[in-house]
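Containing TSV, C-alpha atoms and all ligand atoms: start-v7.tsv.
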chain	number	residue	atom	x	y	z
A	1	MET	CA	100.40	97.08	134.65
A	2	THR	CA	101.42	93.68	133.38
A	3	TRP	CA	100.59	92.87	129.77
A	4	ARG	CA	98.65	89.59	129.92
A	5	ALA	CA	98.56	86.86	127.30
A	6	THR	CA	96.10	83.98	127.53
A	7	VAL	CA	96.49	81.23	124.96
A	8	LEU	CA	93.69	78.78	124.25
A	9	THR	CA	95.20	75.64	122.78
A	10	LEU	CA	95.11	71.85	122.68
A	11	PHE	CA	98.86	71.89	123.40
A	12	PRO	CA	99.43	74.15	126.44
A	13	GLU	CA	102.86	72.60	127.01
A	14	MET	CA	104.07	74.45	123.88
A	15	PHE	CA	104.02	77.71	125.95
A	16	PRO	CA	105.96	79.77	126.87
A	17	GLY	CA	108.40	77.60	124.85
A	18	PRO	CA	110.92	79.89	123.17
A	19	LEU	CA	109.30	82.92	124.84
A	20	GLY	CA	110.78	81.70	128.13
A	21	GLN	CA	114.27	82.50	126.76
A	22	SER	CA	116.30	85.59	126.00
A	23	LEU	CA	114.62	89.00	125.90
A	24	ALA	CA	111.02	87.76	126.29
A	25	GLY	CA	112.07	85.26	128.98
A	26	ARG	CA	113.82	87.92	131.04
A	27	ALA	CA	110.81	90.21	130.72
A	28	LEU	CA	108.56	87.32	131.79
A	29	GLU	CA	110.69	86.72	134.89
A	30	GLN	CA	110.66	90.41	135.68
A	31	GLY	CA	106.87	90.54	135.41
A	32	SER	CA	106.68	92.88	132.40
A	33	TRP	CA	104.24	90.40	130.91
A	34	SER	CA	102.55	87.12	131.83
A	35	ILE	CA	101.36	84.13	129.88
A	36	GLU	CA	98.76	81.52	130.72
A	37	ALA	CA	98.15	78.61	128.37
A	38	ARG	CA	94.76	76.96	128.84
A	39	ASN	CA	93.75	73.61	127.47
A	40	ILE	CA	90.63	73.84	125.31
A	41	ARG	CA	89.92	70.17	126.03
A	42	ASP	CA	89.17	71.05	129.68
A	43	HIS	CA	85.92	72.52	128.36
A	44	ALA	CA	84.85	69.48	126.33
A	45	SER	CA	82.24	67.12	127.71
A	46	GLY	CA	81.36	63.47	127.18
A	47	LYS	CA	83.39	60.34	127.60
A	48	HIS	CA	85.80	61.21	124.82
A	49	ARG	CA	86.05	64.95	125.51
A	50	ASN	CA	85.80	65.66	121.80
A	51	VAL	CA	86.80	69.14	120.70
A	52	ASP	CA	86.18	68.60	117.00
A	53	ASP	CA	83.64	67.05	114.64
A	54	ALA	CA	83.09	66.34	110.95
A	55	PRO	CA	82.35	69.36	108.73
A	56	PHE	CA	78.75	70.01	107.70
A	57	GLY	CA	78.61	69.70	103.94
A	58	GLY	CA	81.24	66.99	103.94
A	59	GLY	CA	84.90	67.13	103.03
A	60	ALA	CA	88.21	66.19	104.54
A	61	GLY	CA	89.35	66.90	108.07
A	62	MET	CA	87.64	67.94	111.26
A	63	VAL	CA	86.33	71.26	112.54
A	64	MET	CA	86.78	72.65	116.08
A	65	ARG	CA	83.40	72.86	117.79
A	66	ALA	CA	81.85	76.26	118.54
A	67	ASP	CA	80.32	75.16	121.86
A	68	VAL	CA	83.61	73.88	123.28
A	69	LEU	CA	85.53	76.95	122.12
A	70	GLU	CA	82.90	79.33	123.51
A	71	ALA	CA	83.12	77.64	126.91
A	72	ALA	CA	86.91	78.09	126.87
A	73	ILE	CA	86.60	81.74	125.82
A	74	ALA	CA	83.84	82.59	128.32
A	75	ASP	CA	86.11	81.30	131.08
A	76	CYS	CA	88.81	83.92	130.41
A	77	ALA	CA	87.23	86.74	128.37
A	78	ASP	CA	87.72	90.28	129.70
A	79	ASP	CA	88.64	93.62	128.16
A	80	ARG	CA	91.49	92.15	126.09
A	81	PRO	CA	91.18	91.74	122.32
A	82	LEU	CA	90.42	88.23	121.13
A	83	VAL	CA	92.41	86.96	118.17
A	84	VAL	CA	92.43	83.66	116.36
A	85	MET	CA	95.45	82.43	114.44
A	86	THR	CA	94.47	81.12	111.01
A	87	PRO	CA	95.94	81.20	107.49
A	88	ARG	CA	92.63	82.80	106.44
A	89	GLY	CA	93.27	85.84	108.64
A	90	ARG	CA	94.44	89.36	107.91
A	91	PRO	CA	98.23	89.54	107.56
A	92	LEU	CA	100.14	90.26	110.76
A	93	THR	CA	101.97	93.57	110.37
A	94	GLN	CA	104.08	95.72	112.67
A	95	ALA	CA	101.11	98.10	112.95
A	96	VAL	CA	98.87	95.26	114.21
A	97	VAL	CA	101.59	94.21	116.66
A	98	ALA	CA	102.08	97.78	117.93
A	99	GLY	CA	98.31	98.14	118.46
A	100	LEU	CA	98.15	94.95	120.53
A	101	ALA	CA	101.28	95.81	122.53
A	102	ASP	CA	99.70	99.15	123.39
A	103	GLY	CA	96.69	97.50	125.04
A	104	PRO	CA	96.14	95.38	128.19
A	105	GLY	CA	97.22	92.12	126.50
A	106	VAL	CA	95.60	89.55	124.25
A	107	ILE	CA	93.62	86.32	124.24
A	108	VAL	CA	94.85	84.07	121.44
A	109	LEU	CA	92.91	81.11	120.13
A	110	CYS	CA	95.03	78.52	118.32
A	111	GLY	CA	93.29	76.52	115.62
A	112	ARG	CA	94.06	72.90	114.80
A	113	PHE	CA	92.57	70.46	112.32
A	114	GLU	CA	90.82	71.75	109.20
A	115	GLY	CA	89.46	74.86	110.89
A	116	ILE	CA	87.21	76.47	113.48
A	117	ASP	CA	83.41	76.69	113.36
A	118	GLN	CA	82.90	80.17	111.90
A	119	ARG	CA	79.99	80.96	114.22
A	120	VAL	CA	82.13	81.29	117.34
A	121	ILE	CA	84.53	83.62	115.51
A	122	GLU	CA	81.62	85.87	114.53
A	123	TYR	CA	79.78	85.53	117.85
A	124	ARG	CA	82.85	86.78	119.74
A	125	GLY	CA	83.91	89.28	117.07
A	126	MET	CA	87.37	87.74	116.99
A	127	THR	CA	90.11	89.13	114.74
A	128	GLU	CA	91.50	86.46	112.44
A	129	ILE	CA	95.27	86.84	111.97
A	130	SER	CA	97.65	85.05	109.59
A	131	ILE	CA	101.44	85.17	109.92
A	132	GLY	CA	102.01	84.47	106.23
A	133	ASP	CA	100.87	82.70	103.11
A	134	TYR	CA	101.77	79.17	104.13
A	135	VAL	CA	99.96	76.58	106.21
A	136	LEU	CA	101.30	75.55	109.62
A	137	SER	CA	100.16	72.41	111.39
A	138	GLY	CA	98.41	74.55	113.99
A	139	GLY	CA	98.02	78.07	115.31
A	140	GLU	CA	100.45	77.57	118.22
A	141	THR	CA	103.64	78.49	116.38
A	142	ALA	CA	101.83	81.46	114.83
A	143	ALA	CA	100.74	82.55	118.34
A	144	LEU	CA	104.38	82.37	119.49
A	145	VAL	CA	105.34	84.65	116.62
A	146	LEU	CA	102.58	87.12	117.45
A	147	LEU	CA	103.45	87.21	121.15
A	148	ASP	CA	107.19	87.53	120.51
A	149	ALA	CA	106.58	90.55	118.29
A	150	CYS	CA	104.29	92.16	120.90
A	151	VAL	CA	106.41	91.48	123.98
A	152	ARG	CA	109.57	93.09	122.59
A	153	LEU	CA	107.63	96.35	122.22
A	154	LEU	CA	106.46	96.48	125.85
A	155	PRO	CA	107.94	99.30	127.93
A	156	GLY	CA	111.30	98.37	129.42
A	157	VAL	CA	111.66	95.08	127.54
A	158	MET	CA	114.09	96.24	124.87
A	159	GLY	CA	117.27	97.83	126.13
A	160	ALA	CA	118.69	100.89	124.38
A	161	ALA	CA	120.97	98.61	122.34
A	162	GLU	CA	118.04	96.62	120.98
A	163	SER	CA	115.85	99.66	120.54
A	164	GLY	CA	113.57	99.23	117.57
A	165	VAL	CA	113.57	102.84	116.45
A	166	GLU	CA	115.44	102.21	113.20
A	167	GLU	CA	114.35	98.65	112.57
A	168	SER	CA	112.66	97.11	109.58
A	169	PHE	CA	109.06	98.21	109.02
A	170	ALA	CA	109.18	100.96	111.63
A	171	HIS	CA	109.13	103.50	108.79
A	172	GLY	CA	107.66	101.21	106.17
A	173	LEU	CA	111.07	100.23	104.78
A	174	LEU	CA	113.34	97.22	105.24
A	175	GLU	CA	116.43	97.90	107.28
A	176	TYR	CA	119.83	98.82	105.83
A	177	PRO	CA	122.59	96.15	106.03
A	178	HIS	CA	124.86	95.94	109.10
A	179	TYR	CA	128.62	95.36	109.41
A	180	THR	CA	131.08	94.90	112.27
A	181	ARG	CA	134.75	93.96	112.75
A	182	PRO	CA	136.83	92.77	111.00
A	183	ALA	CA	136.68	95.60	108.44
A	184	ASP	CA	138.20	93.24	105.87
A	185	TRP	CA	136.88	89.69	105.84
A	186	CYS	CA	137.42	87.01	103.19
A	187	GLY	CA	138.51	89.72	100.77
A	188	ARG	CA	135.31	91.69	101.39
A	189	ALA	CA	135.62	95.22	102.68
A	190	VAL	CA	133.01	97.14	104.62
A	191	PRO	CA	131.60	100.16	102.69
A	192	ASP	CA	134.12	103.00	103.20
A	193	VAL	CA	131.53	105.51	104.37
A	194	LEU	CA	130.80	103.43	107.48
A	195	LEU	CA	134.43	103.85	108.59
A	196	SER	CA	134.49	107.59	107.83
A	197	GLY	CA	133.10	108.86	111.13
A	198	ASN	CA	130.92	111.24	109.09
A	199	HIS	CA	127.54	110.72	110.73
A	200	GLU	CA	125.60	112.66	108.16
A	201	ALA	CA	127.14	110.70	105.27
A	202	ILE	CA	126.47	107.44	107.12
A	203	ALA	CA	122.83	108.35	107.69
A	204	THR	CA	122.45	109.24	104.00
A	205	TRP	CA	124.07	105.96	102.92
A	206	ARG	CA	121.85	103.94	105.23
A	207	ALA	CA	118.66	105.69	104.11
A	208	ARG	CA	119.57	105.02	100.49
A	209	ALA	CA	120.44	101.37	101.18
A	210	ALA	CA	117.10	100.91	102.96
A	211	ARG	CA	115.23	102.36	99.99
A	212	GLU	CA	117.15	100.25	97.46
A	213	ILE	CA	116.71	96.98	99.33
A	214	THR	CA	112.99	97.62	99.85
A	215	GLN	CA	112.50	98.46	96.17
A	216	GLU	CA	114.34	95.31	95.13
A	217	ARG	CA	112.89	92.80	97.60
A	218	ARG	CA	109.47	94.14	98.47
A	219	PRO	CA	107.78	96.05	95.68
A	220	ASP	CA	104.57	95.96	97.75
A	221	LEU	CA	106.18	97.82	100.67
A	222	TRP	CA	107.93	100.19	98.29
A	223	ALA	CA	104.67	101.17	96.59
A	224	ALA	CA	103.03	101.79	99.97
A	225	TYR	CA	106.04	103.85	101.09
A	226	LEU	CA	105.90	106.01	97.96
A	227	ALA	CA	102.17	106.51	98.30
A	228	GLN	CA	102.62	107.62	101.89
A	229	THR	CA	105.66	109.87	101.43
A	230	GLN	CA	105.00	111.49	98.07
A	231	PRO	CA	102.24	114.05	97.69
A	232	THR	CA	99.64	112.98	95.16
A	233	THR	CA	99.86	114.98	91.97
A	234	ILE	CA	96.46	116.12	90.89
A	235	LYS	CA	96.14	116.44	87.16
A	236	THR	CA	94.53	119.67	86.09
A	237	LYS	CA	92.86	120.38	82.80
A	238	GLY	CA	95.43	121.08	80.13
A	239	SER	CA	98.40	119.83	82.16
A	240	ALA	CA	100.84	117.45	80.48
A	241	SER	CA	100.10	113.79	81.21
B	301	LIG	N1	97.62	78.34	111.35
B	301	LIG	C1	98.06	77.58	110.31
B	301	LIG	N2	98.74	78.32	109.44
B	301	LIG	C2	98.74	79.60	109.92
B	301	LIG	C3	99.27	80.82	109.45
B	301	LIG	N3	99.95	80.91	108.31
B	301	LIG	N4	99.07	81.91	110.19
B	301	LIG	C4	98.36	81.85	111.34
B	301	LIG	N5	97.84	80.73	111.82
B	301	LIG	C5	98.02	79.60	111.13

Can the structure from this file be put into structure tokens for me?
Ligand code: ADE
Amino acid sequence: MTWRATVLTLFPEMFPGPLGQSLAGRALEQGSWSIEARNIRDHASGKHRNVDDAPFGGGAGMVMRADVLEAAIADCADDRPLVVMTPRGRPLTQAVVAGLADGPGVIVLCGRFEGIDQRVIEYRGMTEISIGDYVLSGGETAALVLLDACVRLLPGVMGAAESGVEESFAHGLLEYPHYTRPADWCGRAVPDVLLSGNHEAIATWRARAAREITQERRPDLWAAYLAQTQPTTIKTKGSAS
């Protein structure tokens, strides 16, 4: 069955955007997934079709209205999970992506302005997702990131060559570095072991490189990796500390 993405946005022309190209674009053409971008403003009423209003309690910026958003959601809601892209959300991880890719698809709400009326998020039990600790001008680019990460995991989308089995995060580690011809470039040689043809030695080198680079660049991932791979030592009475 086709994995379906519905995007609720004030800028539907931003989709599929880059997802119409390359791997995701081919998969879209082949019907492995579909995308429908719906304009939230179609559900606004009144002469000005306002989708936002001033925040209760005062302050800068505007807030997206719960009634308009609920009308947009009600028009497309089904068994798919509902997510809203916001810098206040839980961090997007490969595990979150894999969970979404494993389901029927996703409905993604893209925030703009200062924020979204919290009541509609709670009323619909939406999952708030952030793609990182920085603020984008809207949720659309974050939605593109989320969908890209999901689509490449769909069955048949990645060829054997692009297979994600050994990629970063799949085992909780960053990936080892890659090299190709020429073996000598600008006075820099490729690590000897990679030219040795010794598959076991290569696998050992790569595993070590992945551990080293994770330890150096991402102490947070490294700590989680250690916690998950090393059995917890339980201190017993009288044992050395
Ligand atoms: N909207 C604005 N910034 C965002 C972020 N970092 N992640 C998700 N949605 C956003």

Just the residues within 10 Å of Asn50 of chain A, please, counting only C-alpha atoms, with nothing from its chain fewer than 5 positions along; format it as a short mmCIF file (atom, residue, chain, number, x, y, z; two decimals) with C-alpha atoms, in the coordinates of the input.
data_model
loop_
_atom_site.label_atom_id
_atom_site.label_comp_id
_atom_site.auth_asym_id
_atom_site.auth_seq_id
_atom_site.Cartn_x
_atom_site.Cartn_y
_atom_site.Cartn_z
CA ARG A 41 89.92 70.17 126.03
CA HIS A 43 85.92 72.52 128.36
CA ALA A 44 84.85 69.48 126.33
CA SER A 45 82.24 67.12 127.71
CA MET A 64 86.78 72.65 116.08
CA ARG A 65 83.40 72.86 117.79
CA VAL A 68 83.61 73.88 123.28
#

Hey, which residues come within 8 Å of ligand LIG 301 (chain B) if we count all atoms listed in the file? Could you give them as a ChimeraX atom specification?
-> /A:84-89,110-112,129-143

Give as JSON, numbers by chain the set of residues within 10 Å of the point (91.8, 96.3, 125.4), where distances use the file's coordinates and all atoms listed in the file.
-> {"A": [78, 79, 80, 81, 82, 99, 100, 101, 102, 103, 104, 105, 106]}

Pick out the closest residue to Met126 of chain A from this set: A:Ile107, A:Leu194, A:Ala27, A:Val97. Count all atoms listed in the file.
->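 Closest to Met126 of chain A of all the choices is A:Ile107.
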
Quick one: distance from atom CA of Thr2 of chain A to atom CA of Ser32 of chain A in Å, one decimal?
->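 Atom CA of Ser32 of chain A lies at a distance of 5.4 Å from atom CA of Thr2 of chain A.
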
How would you write as an MDAnalysis selection string the residues that get within 10 Å of (106.8, 93.5, 124.2) in the file's frame, counting only C-alpha atoms?
-> chainID A and resid 3 23:24 27:28 32:33 97:98 100:102 105 147:158

Quick one: distance from atom CA of Glu167 of chain A to atom CA of Ala207 of chain A in Å, one decimal?
-> 11.8 Å
